[in-house]
>>> print(open('entry.cif').read())   # mmCIF, N, CA, C and O atoms
data_structure
loop_
_atom_site.group_PDB
_atom_site.id
_atom_site.type_symbol
_atom_site.label_atom_id
_atom_site.label_comp_id
_atom_site.auth_asym_id
_atom_site.auth_seq_id
_atom_site.Cartn_x
_atom_site.Cartn_y
_atom_site.Cartn_z
ATOM 1 N N MET A 196 98.057 142.076 87.451
ATOM 2 C CA MET A 196 98.497 143.129 88.334
ATOM 3 C C MET A 196 99.610 143.928 87.668
ATOM 4 O O MET A 196 100.376 143.384 86.897
ATOM 5 N N GLU A 197 99.663 145.167 88.044
ATOM 6 C CA GLU A 197 100.711 146.017 87.496
ATOM 7 C C GLU A 197 102.040 145.709 88.169
ATOM 8 O O GLU A 197 102.092 145.234 89.291
ATOM 9 N N ASN A 198 103.097 146.009 87.465
ATOM 10 C CA ASN A 198 104.433 145.814 88.004
ATOM 11 C C ASN A 198 104.852 147.085 88.729
ATOM 12 O O ASN A 198 105.566 147.923 88.193
ATOM 13 N N ILE A 199 104.375 147.246 89.966
ATOM 14 C CA ILE A 199 104.700 148.419 90.751
ATOM 15 C C ILE A 199 105.363 147.997 92.048
ATOM 16 O O ILE A 199 105.208 146.870 92.503
ATOM 17 N N SER A 200 106.093 148.919 92.617
ATOM 18 C CA SER A 200 106.718 148.665 93.902
ATOM 19 C C SER A 200 105.667 148.836 94.993
ATOM 20 O O SER A 200 104.903 149.793 94.986
ATOM 21 N N ARG A 201 105.583 147.900 95.893
ATOM 22 C CA ARG A 201 104.577 147.935 96.955
ATOM 23 C C ARG A 201 105.225 148.234 98.301
ATOM 24 O O ARG A 201 106.366 147.874 98.538
ATOM 25 N N THR A 202 104.441 148.838 99.187
ATOM 26 C CA THR A 202 104.908 149.087 100.545
ATOM 27 C C THR A 202 104.877 147.781 101.330
ATOM 28 O O THR A 202 104.233 146.804 100.904
ATOM 29 N N LYS A 203 105.506 147.767 102.492
ATOM 30 C CA LYS A 203 105.480 146.577 103.344
ATOM 31 C C LYS A 203 104.046 146.228 103.731
ATOM 32 O O LYS A 203 103.677 145.062 103.782
ATOM 33 N N GLU A 204 103.245 147.252 103.990
ATOM 34 C CA GLU A 204 101.854 147.027 104.366
ATOM 35 C C GLU A 204 101.072 146.395 103.216
ATOM 36 O O GLU A 204 100.249 145.496 103.429
ATOM 37 N N GLU A 205 101.316 146.862 102.006
ATOM 38 C CA GLU A 205 100.622 146.301 100.841
ATOM 39 C C GLU A 205 101.034 144.850 100.600
ATOM 40 O O GLU A 205 100.195 144.010 100.265
ATOM 41 N N ILE A 206 102.318 144.558 100.782
ATOM 42 C CA ILE A 206 102.794 143.168 100.645
ATOM 43 C C ILE A 206 102.121 142.296 101.692
ATOM 44 O O ILE A 206 101.650 141.188 101.399
ATOM 45 N N GLU A 207 102.039 142.797 102.921
ATOM 46 C CA GLU A 207 101.407 142.028 103.985
ATOM 47 C C GLU A 207 99.932 141.775 103.672
ATOM 48 O O GLU A 207 99.432 140.673 103.873
ATOM 49 N N GLU A 208 99.236 142.765 103.166
ATOM 50 C CA GLU A 208 97.833 142.595 102.785
ATOM 51 C C GLU A 208 97.693 141.573 101.659
ATOM 52 O O GLU A 208 96.769 140.750 101.676
ATOM 53 N N LEU A 209 98.584 141.628 100.686
ATOM 54 C CA LEU A 209 98.525 140.694 99.566
ATOM 55 C C LEU A 209 98.787 139.265 100.027
ATOM 56 O O LEU A 209 98.074 138.333 99.642
ATOM 57 N N VAL A 210 99.784 139.079 100.882
ATOM 58 C CA VAL A 210 100.082 137.742 101.420
ATOM 59 C C VAL A 210 98.871 137.210 102.184
ATOM 60 O O VAL A 210 98.469 136.055 102.006
ATOM 61 N N THR A 211 98.265 138.065 103.013
ATOM 62 C CA THR A 211 97.091 137.661 103.788
ATOM 63 C C THR A 211 95.938 137.289 102.865
ATOM 64 O O THR A 211 95.286 136.257 103.046
ATOM 65 N N PHE A 212 95.685 138.106 101.853
ATOM 66 C CA PHE A 212 94.607 137.837 100.899
ATOM 67 C C PHE A 212 94.818 136.501 100.193
ATOM 68 O O PHE A 212 93.904 135.679 100.113
ATOM 69 N N ILE A 213 96.037 136.282 99.699
ATOM 70 C CA ILE A 213 96.327 135.042 98.968
ATOM 71 C C ILE A 213 96.211 133.843 99.895
ATOM 72 O O ILE A 213 95.651 132.808 99.522
ATOM 73 N N ARG A 214 96.715 133.963 101.123
ATOM 74 C CA ARG A 214 96.645 132.856 102.089
ATOM 75 C C ARG A 214 95.193 132.451 102.329
ATOM 76 O O ARG A 214 94.833 131.275 102.297
ATOM 77 N N LEU A 215 94.317 133.437 102.545
ATOM 78 C CA LEU A 215 92.913 133.135 102.807
ATOM 79 C C LEU A 215 92.211 132.598 101.559
ATOM 80 O O LEU A 215 91.371 131.710 101.654
ATOM 81 N N GLU A 216 92.594 133.129 100.403
ATOM 82 C CA GLU A 216 92.027 132.636 99.144
ATOM 83 C C GLU A 216 92.362 131.157 98.952
ATOM 84 O O GLU A 216 91.487 130.343 98.640
ATOM 85 N N LEU A 217 93.625 130.799 99.138
ATOM 86 C CA LEU A 217 94.040 129.406 98.974
ATOM 87 C C LEU A 217 93.386 128.513 100.027
ATOM 88 O O LEU A 217 92.908 127.418 99.726
ATOM 89 N N TYR A 218 93.352 128.996 101.268
ATOM 90 C CA TYR A 218 92.743 128.229 102.358
ATOM 91 C C TYR A 218 91.277 127.937 102.061
ATOM 92 O O TYR A 218 90.805 126.815 102.228
ATOM 93 N N ASN A 219 90.546 128.955 101.615
ATOM 94 C CA ASN A 219 89.114 128.786 101.334
ATOM 95 C C ASN A 219 88.846 127.864 100.156
ATOM 96 O O ASN A 219 87.757 127.298 100.047
ATOM 97 N N ARG A 220 89.808 127.697 99.295
ATOM 98 C CA ARG A 220 89.676 126.765 98.163
ATOM 99 C C ARG A 220 90.227 125.384 98.508
ATOM 100 O O ARG A 220 90.301 124.515 97.654
ATOM 101 N N ASP A 221 90.662 125.221 99.755
ATOM 102 C CA ASP A 221 91.225 123.957 100.242
ATOM 103 C C ASP A 221 92.451 123.541 99.425
ATOM 104 O O ASP A 221 92.602 122.379 99.051
ATOM 105 N N ILE A 222 93.296 124.538 99.138
ATOM 106 C CA ILE A 222 94.534 124.334 98.394
ATOM 107 C C ILE A 222 95.684 124.591 99.355
ATOM 108 O O ILE A 222 95.555 125.381 100.287
ATOM 109 N N SER A 223 96.816 123.951 99.124
ATOM 110 C CA SER A 223 97.998 124.200 99.937
ATOM 111 C C SER A 223 98.213 125.709 100.074
ATOM 112 O O SER A 223 98.199 126.439 99.085
ATOM 113 N N CYS A 224 98.384 126.178 101.313
ATOM 114 C CA CYS A 224 98.447 127.619 101.535
ATOM 115 C C CYS A 224 99.657 128.029 102.368
ATOM 116 O O CYS A 224 99.606 128.988 103.131
ATOM 117 N N GLY A 225 100.764 127.303 102.211
ATOM 118 C CA GLY A 225 101.992 127.652 102.905
ATOM 119 C C GLY A 225 102.775 128.713 102.154
ATOM 120 O O GLY A 225 102.375 129.170 101.075
ATOM 121 N N PRO A 226 103.916 129.103 102.698
ATOM 122 C CA PRO A 226 104.740 130.147 102.096
ATOM 123 C C PRO A 226 105.137 129.875 100.643
ATOM 124 O O PRO A 226 105.132 130.779 99.812
ATOM 125 N N THR A 227 105.451 128.631 100.316
ATOM 126 C CA THR A 227 105.843 128.297 98.945
ATOM 127 C C THR A 227 104.679 128.517 97.988
ATOM 128 O O THR A 227 104.842 129.126 96.926
ATOM 129 N N ALA A 228 103.494 128.050 98.362
ATOM 130 C CA ALA A 228 102.309 128.213 97.519
ATOM 131 C C ALA A 228 101.935 129.682 97.374
ATOM 132 O O ALA A 228 101.553 130.129 96.285
ATOM 133 N N ILE A 229 102.052 130.436 98.452
ATOM 134 C CA ILE A 229 101.727 131.863 98.412
ATOM 135 C C ILE A 229 102.691 132.593 97.490
ATOM 136 O O ILE A 229 102.280 133.406 96.658
ATOM 137 N N ARG A 230 103.975 132.280 97.619
ATOM 138 C CA ARG A 230 104.981 132.938 96.769
ATOM 139 C C ARG A 230 104.738 132.605 95.289
ATOM 140 O O ARG A 230 104.816 133.470 94.416
ATOM 141 N N LYS A 231 104.391 131.356 95.015
ATOM 142 C CA LYS A 231 104.117 130.948 93.636
ATOM 143 C C LYS A 231 102.900 131.695 93.084
ATOM 144 O O LYS A 231 102.905 132.150 91.942
ATOM 145 N N LYS A 232 101.843 131.838 93.906
ATOM 146 C CA LYS A 232 100.641 132.545 93.471
ATOM 147 C C LYS A 232 100.957 134.026 93.229
ATOM 148 O O LYS A 232 100.469 134.611 92.263
ATOM 149 N N MET A 233 101.811 134.614 94.042
ATOM 150 C CA MET A 233 102.214 136.010 93.837
ATOM 151 C C MET A 233 102.926 136.156 92.492
ATOM 152 O O MET A 233 102.712 137.116 91.764
ATOM 153 N N GLU A 234 103.741 135.159 92.182
ATOM 154 C CA GLU A 234 104.453 135.156 90.897
ATOM 155 C C GLU A 234 103.451 135.060 89.737
ATOM 156 O O GLU A 234 103.577 135.774 88.747
ATOM 157 N N GLU A 235 102.445 134.205 89.895
ATOM 158 C CA GLU A 235 101.410 134.056 88.866
ATOM 159 C C GLU A 235 100.638 135.359 88.674
ATOM 160 O O GLU A 235 100.200 135.659 87.573
ATOM 161 N N TYR A 236 100.473 136.116 89.763
ATOM 162 C CA TYR A 236 99.776 137.405 89.691
ATOM 163 C C TYR A 236 100.641 138.494 89.037
ATOM 164 O O TYR A 236 100.178 139.589 88.810
ATOM 165 N N GLY A 237 101.908 138.168 88.774
ATOM 166 C CA GLY A 237 102.776 139.127 88.104
ATOM 167 C C GLY A 237 103.592 140.007 89.020
ATOM 168 O O GLY A 237 104.175 141.001 88.581
ATOM 169 N N GLU A 238 103.639 139.655 90.300
ATOM 170 C CA GLU A 238 104.452 140.428 91.231
ATOM 171 C C GLU A 238 105.924 140.283 90.870
ATOM 172 O O GLU A 238 106.393 139.180 90.586
ATOM 173 N N ILE A 239 106.628 141.388 90.880
ATOM 174 C CA ILE A 239 108.047 141.356 90.532
ATOM 175 C C ILE A 239 108.922 141.244 91.780
ATOM 176 O O ILE A 239 109.840 140.450 91.834
ATOM 177 N N GLU A 240 108.612 142.035 92.796
ATOM 178 C CA GLU A 240 109.389 142.023 94.043
ATOM 179 C C GLU A 240 108.747 141.034 95.009
ATOM 180 O O GLU A 240 107.887 141.398 95.806
ATOM 181 N N LEU A 241 109.170 139.797 94.929
ATOM 182 C CA LEU A 241 108.593 138.745 95.763
ATOM 183 C C LEU A 241 109.311 138.661 97.102
ATOM 184 O O LEU A 241 110.545 138.634 97.145
ATOM 185 N N PRO A 242 108.550 138.587 98.203
ATOM 186 C CA PRO A 242 109.200 138.377 99.495
ATOM 187 C C PRO A 242 109.706 136.935 99.578
ATOM 188 O O PRO A 242 109.192 136.047 98.887
ATOM 189 N N SER A 243 110.693 136.714 100.412
ATOM 190 C CA SER A 243 111.202 135.358 100.597
ATOM 191 C C SER A 243 110.159 134.521 101.326
ATOM 192 O O SER A 243 109.231 135.054 101.952
ATOM 193 N N GLU A 244 110.304 133.221 101.259
ATOM 194 C CA GLU A 244 109.379 132.335 101.962
ATOM 195 C C GLU A 244 109.449 132.592 103.466
ATOM 196 O O GLU A 244 108.431 132.523 104.158
ATOM 197 N N ARG A 245 110.636 132.895 103.976
ATOM 198 C CA ARG A 245 110.786 133.193 105.407
ATOM 199 C C ARG A 245 110.006 134.455 105.777
ATOM 200 O O ARG A 245 109.349 134.505 106.812
ATOM 201 N N THR A 246 110.057 135.476 104.928
ATOM 202 C CA THR A 246 109.305 136.704 105.183
ATOM 203 C C THR A 246 107.809 136.417 105.157
ATOM 204 O O THR A 246 107.053 136.904 106.004
ATOM 205 N N ILE A 247 107.376 135.608 104.204
ATOM 206 C CA ILE A 247 105.962 135.226 104.137
ATOM 207 C C ILE A 247 105.565 134.491 105.421
ATOM 208 O O ILE A 247 104.503 134.748 105.984
ATOM 209 N N SER A 248 106.420 133.619 105.909
ATOM 210 C CA SER A 248 106.155 132.896 107.167
ATOM 211 C C SER A 248 105.981 133.867 108.331
ATOM 212 O O SER A 248 105.078 133.698 109.160
ATOM 213 N N ARG A 249 106.832 134.880 108.393
ATOM 214 C CA ARG A 249 106.731 135.870 109.476
ATOM 215 C C ARG A 249 105.420 136.649 109.377
ATOM 216 O O ARG A 249 104.776 136.922 110.384
ATOM 217 N N ILE A 250 105.029 136.998 108.156
ATOM 218 C CA ILE A 250 103.764 137.706 107.954
ATOM 219 C C ILE A 250 102.598 136.839 108.425
ATOM 220 O O ILE A 250 101.702 137.308 109.136
ATOM 221 N N LEU A 251 102.601 135.576 108.043
ATOM 222 C CA LEU A 251 101.532 134.662 108.445
ATOM 223 C C LEU A 251 101.462 134.545 109.974
ATOM 224 O O LEU A 251 100.368 134.551 110.545
ATOM 225 N N SER A 252 102.600 134.473 110.619
ATOM 226 C CA SER A 252 102.632 134.390 112.084
ATOM 227 C C SER A 252 102.056 135.647 112.718
ATOM 228 O O SER A 252 101.253 135.562 113.654
ATOM 229 N N ARG A 253 102.456 136.805 112.217
ATOM 230 C CA ARG A 253 101.945 138.078 112.758
ATOM 231 C C ARG A 253 100.432 138.187 112.610
ATOM 232 O O ARG A 253 99.758 138.762 113.455
ATOM 233 N N GLN A 254 99.900 137.624 111.541
ATOM 234 C CA GLN A 254 98.468 137.713 111.256
ATOM 235 C C GLN A 254 97.661 136.568 111.880
ATOM 236 O O GLN A 254 96.444 136.512 111.725
ATOM 237 N N GLY A 255 98.330 135.638 112.553
ATOM 238 C CA GLY A 255 97.633 134.506 113.157
ATOM 239 C C GLY A 255 97.121 133.516 112.128
ATOM 240 O O GLY A 255 96.099 132.873 112.325
ATOM 241 N N LEU A 256 97.856 133.397 111.023
ATOM 242 C CA LEU A 256 97.420 132.543 109.911
ATOM 243 C C LEU A 256 98.286 131.294 109.777
ATOM 244 O O LEU A 256 98.632 130.885 108.680
ATOM 245 N N THR A 257 98.609 130.683 110.894
ATOM 246 C CA THR A 257 99.405 129.462 110.869
ATOM 247 C C THR A 257 98.568 128.300 111.405
ATOM 248 O O THR A 257 97.538 128.505 112.048
ATOM 249 N N HIS A 258 98.984 127.101 111.123
ATOM 250 C CA HIS A 258 98.341 125.881 111.636
ATOM 251 C C HIS A 258 96.851 125.847 111.318
ATOM 252 O O HIS A 258 96.016 125.589 112.183
ATOM 253 N N GLN A 259 96.494 126.144 110.053
ATOM 254 C CA GLN A 259 95.116 126.076 109.562
ATOM 255 C C GLN A 259 94.191 127.088 110.248
ATOM 256 O O GLN A 259 92.980 126.928 110.242
ATOM 257 N N ARG A 260 94.762 128.143 110.806
ATOM 258 C CA ARG A 260 93.954 129.197 111.424
ATOM 259 C C ARG A 260 93.595 130.247 110.375
ATOM 260 O O ARG A 260 94.287 130.409 109.389
ATOM 261 N N THR A 261 92.526 130.987 110.656
ATOM 262 C CA THR A 261 92.102 132.053 109.750
ATOM 263 C C THR A 261 92.257 133.426 110.392
ATOM 264 O O THR A 261 91.639 134.388 109.965
ATOM 265 N N GLY A 262 93.084 133.515 111.397
ATOM 266 C CA GLY A 262 93.352 134.788 112.060
ATOM 267 C C GLY A 262 93.358 134.625 113.552
ATOM 268 O O GLY A 262 93.315 133.519 114.088
ATOM 269 N N TRP A 263 93.429 135.759 114.256
ATOM 270 C CA TRP A 263 93.404 135.745 115.720
ATOM 271 C C TRP A 263 91.972 135.609 116.198
ATOM 272 O O TRP A 263 91.049 136.173 115.618
ATOM 273 N N TYR A 264 91.784 134.858 117.264
ATOM 274 C CA TYR A 264 90.469 134.645 117.842
ATOM 275 C C TYR A 264 90.379 135.372 119.166
ATOM 276 O O TYR A 264 91.404 135.679 119.791
ATOM 277 N N GLU A 265 89.165 135.627 119.645
ATOM 278 C CA GLU A 265 88.968 136.354 120.904
ATOM 279 C C GLU A 265 89.717 135.697 122.067
ATOM 280 O O GLU A 265 90.296 136.395 122.888
ATOM 281 N N GLU A 266 89.709 134.389 122.133
ATOM 282 C CA GLU A 266 90.360 133.702 123.249
ATOM 283 C C GLU A 266 91.889 133.811 123.189
ATOM 284 O O GLU A 266 92.566 133.464 124.137
ATOM 285 N N ASP A 267 92.436 134.305 122.084
ATOM 286 C CA ASP A 267 93.883 134.481 121.978
ATOM 287 C C ASP A 267 94.355 135.724 122.733
ATOM 288 O O ASP A 267 95.527 135.862 123.008
ATOM 289 N N GLU A 268 93.450 136.626 123.031
ATOM 290 C CA GLU A 268 93.832 137.881 123.681
ATOM 291 C C GLU A 268 94.045 137.731 125.152
ATOM 292 O O GLU A 268 93.646 136.917 125.825
#
>>> encode(input="entry.cif", output="structure tokens")
Amino acid sequence: MENISRTKEEIEELVTFIRLELYNRDISCGPTAIRKKMEEYGEIELPSERTISRILSRQGLTHQRTGWYEEDE
């Protein structure tokens, strides 16, 4: 990946993508693992683990979930 500054939306999309990628490979997919994978991808401006946690919560990607479900509405 290029070393470019990303918008908040792009960071959120990247965190979501990495979380689902790790989950689908049955690999640890918490904030620490996501941040480490972002580092491996060459990201320079890494969000904190707490920020990653907030993103995961907003996207419904906590407790082994893969997003919001119809019954959540």
>>> closest_residue(input="entry.cif", among="A:Ile222, A:Ala228, A:Met233, A:Leu215", to="Gly255 in chain A", atoms="only C-alpha atoms")
A:Leu215
>>> axis_aligned_box(input="entry.cif", around="range 260-265 of chain A", padding_each_side="5 Å", output="AutoDock Vina command-line options")
--center_x 91.9 --center_y 132.3 --center_z 116.1 --size_x 15.8 --size_y 18.3 --size_z 23.5
>>> atom_distance(input="entry.cif", atom1="atom O of Thr202 in chain A", atom2="atom O of Leu217 in chain A")
22.5 Å
>>> closest_residue(input="entry.cif", among="A:Pro226, A:Leu209, A:Asp221, A:Glu216", to="Ser248 in chain A", atoms="only N, CA, C and O atoms")
A:Pro226
>>> resolve_selection(input="entry.cif", expression="the PyMOL selection byres (((chain A and resi 214 and name CA) around 8) and name CA)", output="short mmCIF file (atom, residue, chain, number, x, y, z; two decimals) with N, CA, C and O atoms, keeping the file's coordinate frame")
data_model
loop_
_atom_site.label_atom_id
_atom_site.label_comp_id
_atom_site.auth_asym_id
_atom_site.auth_seq_id
_atom_site.Cartn_x
_atom_site.Cartn_y
_atom_site.Cartn_z
N VAL A 210 99.78 139.08 100.88
CA VAL A 210 100.08 137.74 101.42
C VAL A 210 98.87 137.21 102.18
O VAL A 210 98.47 136.06 102.01
N THR A 211 98.26 138.06 103.01
CA THR A 211 97.09 137.66 103.79
C THR A 211 95.94 137.29 102.86
O THR A 211 95.29 136.26 103.05
N PHE A 212 95.68 138.11 101.85
CA PHE A 212 94.61 137.84 100.90
C PHE A 212 94.82 136.50 100.19
O PHE A 212 93.90 135.68 100.11
N ILE A 213 96.04 136.28 99.70
CA ILE A 213 96.33 135.04 98.97
C ILE A 213 96.21 133.84 99.90
O ILE A 213 95.65 132.81 99.52
N LEU A 215 94.32 133.44 102.54
CA LEU A 215 92.91 133.14 102.81
C LEU A 215 92.21 132.60 101.56
O LEU A 215 91.37 131.71 101.65
N GLU A 216 92.59 133.13 100.40
CA GLU A 216 92.03 132.64 99.14
C GLU A 216 92.36 131.16 98.95
O GLU A 216 91.49 130.34 98.64
N LEU A 217 93.62 130.80 99.14
CA LEU A 217 94.04 129.41 98.97
C LEU A 217 93.39 128.51 100.03
O LEU A 217 92.91 127.42 99.73
N TYR A 218 93.35 129.00 101.27
CA TYR A 218 92.74 128.23 102.36
C TYR A 218 91.28 127.94 102.06
O TYR A 218 90.80 126.82 102.23
N CYS A 224 98.38 126.18 101.31
CA CYS A 224 98.45 127.62 101.54
C CYS A 224 99.66 128.03 102.37
O CYS A 224 99.61 128.99 103.13
N GLY A 225 100.76 127.30 102.21
CA GLY A 225 101.99 127.65 102.90
C GLY A 225 102.78 128.71 102.15
O GLY A 225 102.38 129.17 101.08
N ILE A 229 102.05 130.44 98.45
CA ILE A 229 101.73 131.86 98.41
C ILE A 229 102.69 132.59 97.49
O ILE A 229 102.28 133.41 96.66
N LEU A 256 97.86 133.40 111.02
CA LEU A 256 97.42 132.54 109.91
C LEU A 256 98.29 131.29 109.78
O LEU A 256 98.63 130.88 108.68
#
>>> closest_residue(input="entry.cif", among="A:Asn219, A:Pro242, A:Lys232, A:Ile247", to="Thr261 in chain A", atoms="only C-alpha atoms")
A:Asn219
>>> select_by_dssp(input="entry.cif", residues="chain A", states="helix (DSSP H, G or I)", output="PyMOL selection string")
chain A and resi 203-219+226-235+244-253+265-267
>>> build_atoms(input="entry.cif", residues="range 247-257 of chain A", atoms="all heavy atoms", output="PDB file, in the coordinates of the input")
ATOM      1  N   ILE A 247     107.376 135.608 104.204  1.00  0.00           N
ATOM      2  CA  ILE A 247     105.962 135.226 104.137  1.00  0.00           C
ATOM      3  C   ILE A 247     105.565 134.491 105.421  1.00  0.00           C
ATOM      4  O   ILE A 247     104.503 134.748 105.984  1.00  0.00           O
ATOM      5  CB  ILE A 247     105.676 134.374 102.879  1.00  0.00           C
ATOM      6  CG1 ILE A 247     105.863 135.233 101.621  1.00  0.00           C
ATOM      7  CG2 ILE A 247     104.270 133.763 102.932  1.00  0.00           C
ATOM      8  CD1 ILE A 247     105.822 134.474 100.316  1.00  0.00           C
ATOM      9  N   SER A 248     106.420 133.619 105.909  1.00  0.00           N
ATOM     10  CA  SER A 248     106.155 132.896 107.167  1.00  0.00           C
ATOM     11  C   SER A 248     105.981 133.867 108.331  1.00  0.00           C
ATOM     12  O   SER A 248     105.078 133.698 109.160  1.00  0.00           O
ATOM     13  CB  SER A 248     107.289 131.927 107.491  1.00  0.00           C
ATOM     14  OG  SER A 248     107.316 130.870 106.583  1.00  0.00           O
ATOM     15  N   ARG A 249     106.832 134.880 108.393  1.00  0.00           N
ATOM     16  CA  ARG A 249     106.731 135.870 109.476  1.00  0.00           C
ATOM     17  C   ARG A 249     105.420 136.649 109.377  1.00  0.00           C
ATOM     18  O   ARG A 249     104.776 136.922 110.384  1.00  0.00           O
ATOM     19  CB  ARG A 249     107.927 136.813 109.464  1.00  0.00           C
ATOM     20  CG  ARG A 249     109.209 136.168 109.984  1.00  0.00           C
ATOM     21  CD  ARG A 249     110.298 137.192 110.233  1.00  0.00           C
ATOM     22  NE  ARG A 249     110.754 137.831 109.017  1.00  0.00           N
ATOM     23  CZ  ARG A 249     111.756 137.419 108.259  1.00  0.00           C
ATOM     24  NH1 ARG A 249     112.431 136.337 108.610  1.00  0.00           N
ATOM     25  NH2 ARG A 249     112.109 138.073 107.179  1.00  0.00           N
ATOM     26  N   ILE A 250     105.029 136.998 108.156  1.00  0.00           N
ATOM     27  CA  ILE A 250     103.764 137.706 107.954  1.00  0.00           C
ATOM     28  C   ILE A 250     102.598 136.839 108.425  1.00  0.00           C
ATOM     29  O   ILE A 250     101.702 137.308 109.136  1.00  0.00           O
ATOM     30  CB  ILE A 250     103.586 138.104 106.468  1.00  0.00           C
ATOM     31  CG1 ILE A 250     104.593 139.187 106.079  1.00  0.00           C
ATOM     32  CG2 ILE A 250     102.150 138.569 106.201  1.00  0.00           C
ATOM     33  CD1 ILE A 250     104.672 139.463 104.579  1.00  0.00           C
ATOM     34  N   LEU A 251     102.601 135.576 108.043  1.00  0.00           N
ATOM     35  CA  LEU A 251     101.532 134.662 108.445  1.00  0.00           C
ATOM     36  C   LEU A 251     101.462 134.545 109.974  1.00  0.00           C
ATOM     37  O   LEU A 251     100.368 134.551 110.545  1.00  0.00           O
ATOM     38  CB  LEU A 251     101.729 133.285 107.811  1.00  0.00           C
ATOM     39  CG  LEU A 251     101.635 133.225 106.284  1.00  0.00           C
ATOM     40  CD1 LEU A 251     101.959 131.819 105.792  1.00  0.00           C
ATOM     41  CD2 LEU A 251     100.282 133.681 105.781  1.00  0.00           C
ATOM     42  N   SER A 252     102.600 134.473 110.619  1.00  0.00           N
ATOM     43  CA  SER A 252     102.632 134.390 112.084  1.00  0.00           C
ATOM     44  C   SER A 252     102.056 135.647 112.718  1.00  0.00           C
ATOM     45  O   SER A 252     101.253 135.562 113.654  1.00  0.00           O
ATOM     46  CB  SER A 252     104.063 134.186 112.582  1.00  0.00           C
ATOM     47  OG  SER A 252     104.515 132.909 112.247  1.00  0.00           O
ATOM     48  N   ARG A 253     102.456 136.805 112.217  1.00  0.00           N
ATOM     49  CA  ARG A 253     101.945 138.078 112.758  1.00  0.00           C
ATOM     50  C   ARG A 253     100.432 138.187 112.610  1.00  0.00           C
ATOM     51  O   ARG A 253      99.758 138.762 113.455  1.00  0.00           O
ATOM     52  CB  ARG A 253     102.588 139.268 112.051  1.00  0.00           C
ATOM     53  CG  ARG A 253     103.920 139.676 112.586  1.00  0.00           C
ATOM     54  CD  ARG A 253     104.322 141.062 112.107  1.00  0.00           C
ATOM     55  NE  ARG A 253     104.412 141.192 110.663  1.00  0.00           N
ATOM     56  CZ  ARG A 253     105.499 140.941 109.946  1.00  0.00           C
ATOM     57  NH1 ARG A 253     106.594 140.515 110.525  1.00  0.00           N
ATOM     58  NH2 ARG A 253     105.483 141.118 108.639  1.00  0.00           N
ATOM     59  N   GLN A 254      99.900 137.624 111.541  1.00  0.00           N
ATOM     60  CA  GLN A 254      98.468 137.713 111.256  1.00  0.00           C
ATOM     61  C   GLN A 254      97.661 136.568 111.880  1.00  0.00           C
ATOM     62  O   GLN A 254      96.444 136.512 111.725  1.00  0.00           O
ATOM     63  CB  GLN A 254      98.238 137.731 109.735  1.00  0.00           C
ATOM     64  CG  GLN A 254      98.828 138.920 109.032  1.00  0.00           C
ATOM     65  CD  GLN A 254      98.207 140.223 109.496  1.00  0.00           C
ATOM     66  OE1 GLN A 254      97.004 140.311 109.729  1.00  0.00           O
ATOM     67  NE2 GLN A 254      99.027 141.244 109.644  1.00  0.00           N
ATOM     68  N   GLY A 255      98.330 135.638 112.553  1.00  0.00           N
ATOM     69  CA  GLY A 255      97.633 134.506 113.157  1.00  0.00           C
ATOM     70  C   GLY A 255      97.121 133.516 112.128  1.00  0.00           C
ATOM     71  O   GLY A 255      96.099 132.873 112.325  1.00  0.00           O
ATOM     72  N   LEU A 256      97.856 133.397 111.023  1.00  0.00           N
ATOM     73  CA  LEU A 256      97.420 132.543 109.911  1.00  0.00           C
ATOM     74  C   LEU A 256      98.286 131.294 109.777  1.00  0.00           C
ATOM     75  O   LEU A 256      98.632 130.885 108.680  1.00  0.00           O
ATOM     76  CB  LEU A 256      97.446 133.350 108.608  1.00  0.00           C
ATOM     77  CG  LEU A 256      96.498 134.541 108.563  1.00  0.00           C
ATOM     78  CD1 LEU A 256      96.778 135.400 107.338  1.00  0.00           C
ATOM     79  CD2 LEU A 256      95.065 134.081 108.594  1.00  0.00           C
ATOM     80  N   THR A 257      98.609 130.683 110.894  1.00  0.00           N
ATOM     81  CA  THR A 257      99.405 129.462 110.869  1.00  0.00           C
ATOM     82  C   THR A 257      98.568 128.300 111.405  1.00  0.00           C
ATOM     83  O   THR A 257      97.538 128.505 112.048  1.00  0.00           O
ATOM     84  CB  THR A 257     100.673 129.621 111.739  1.00  0.00           C
ATOM     85  OG1 THR A 257     100.277 129.952 113.070  1.00  0.00           O
ATOM     86  CG2 THR A 257     101.587 130.700 111.192  1.00  0.00           C
TER      87      THR A 257
END
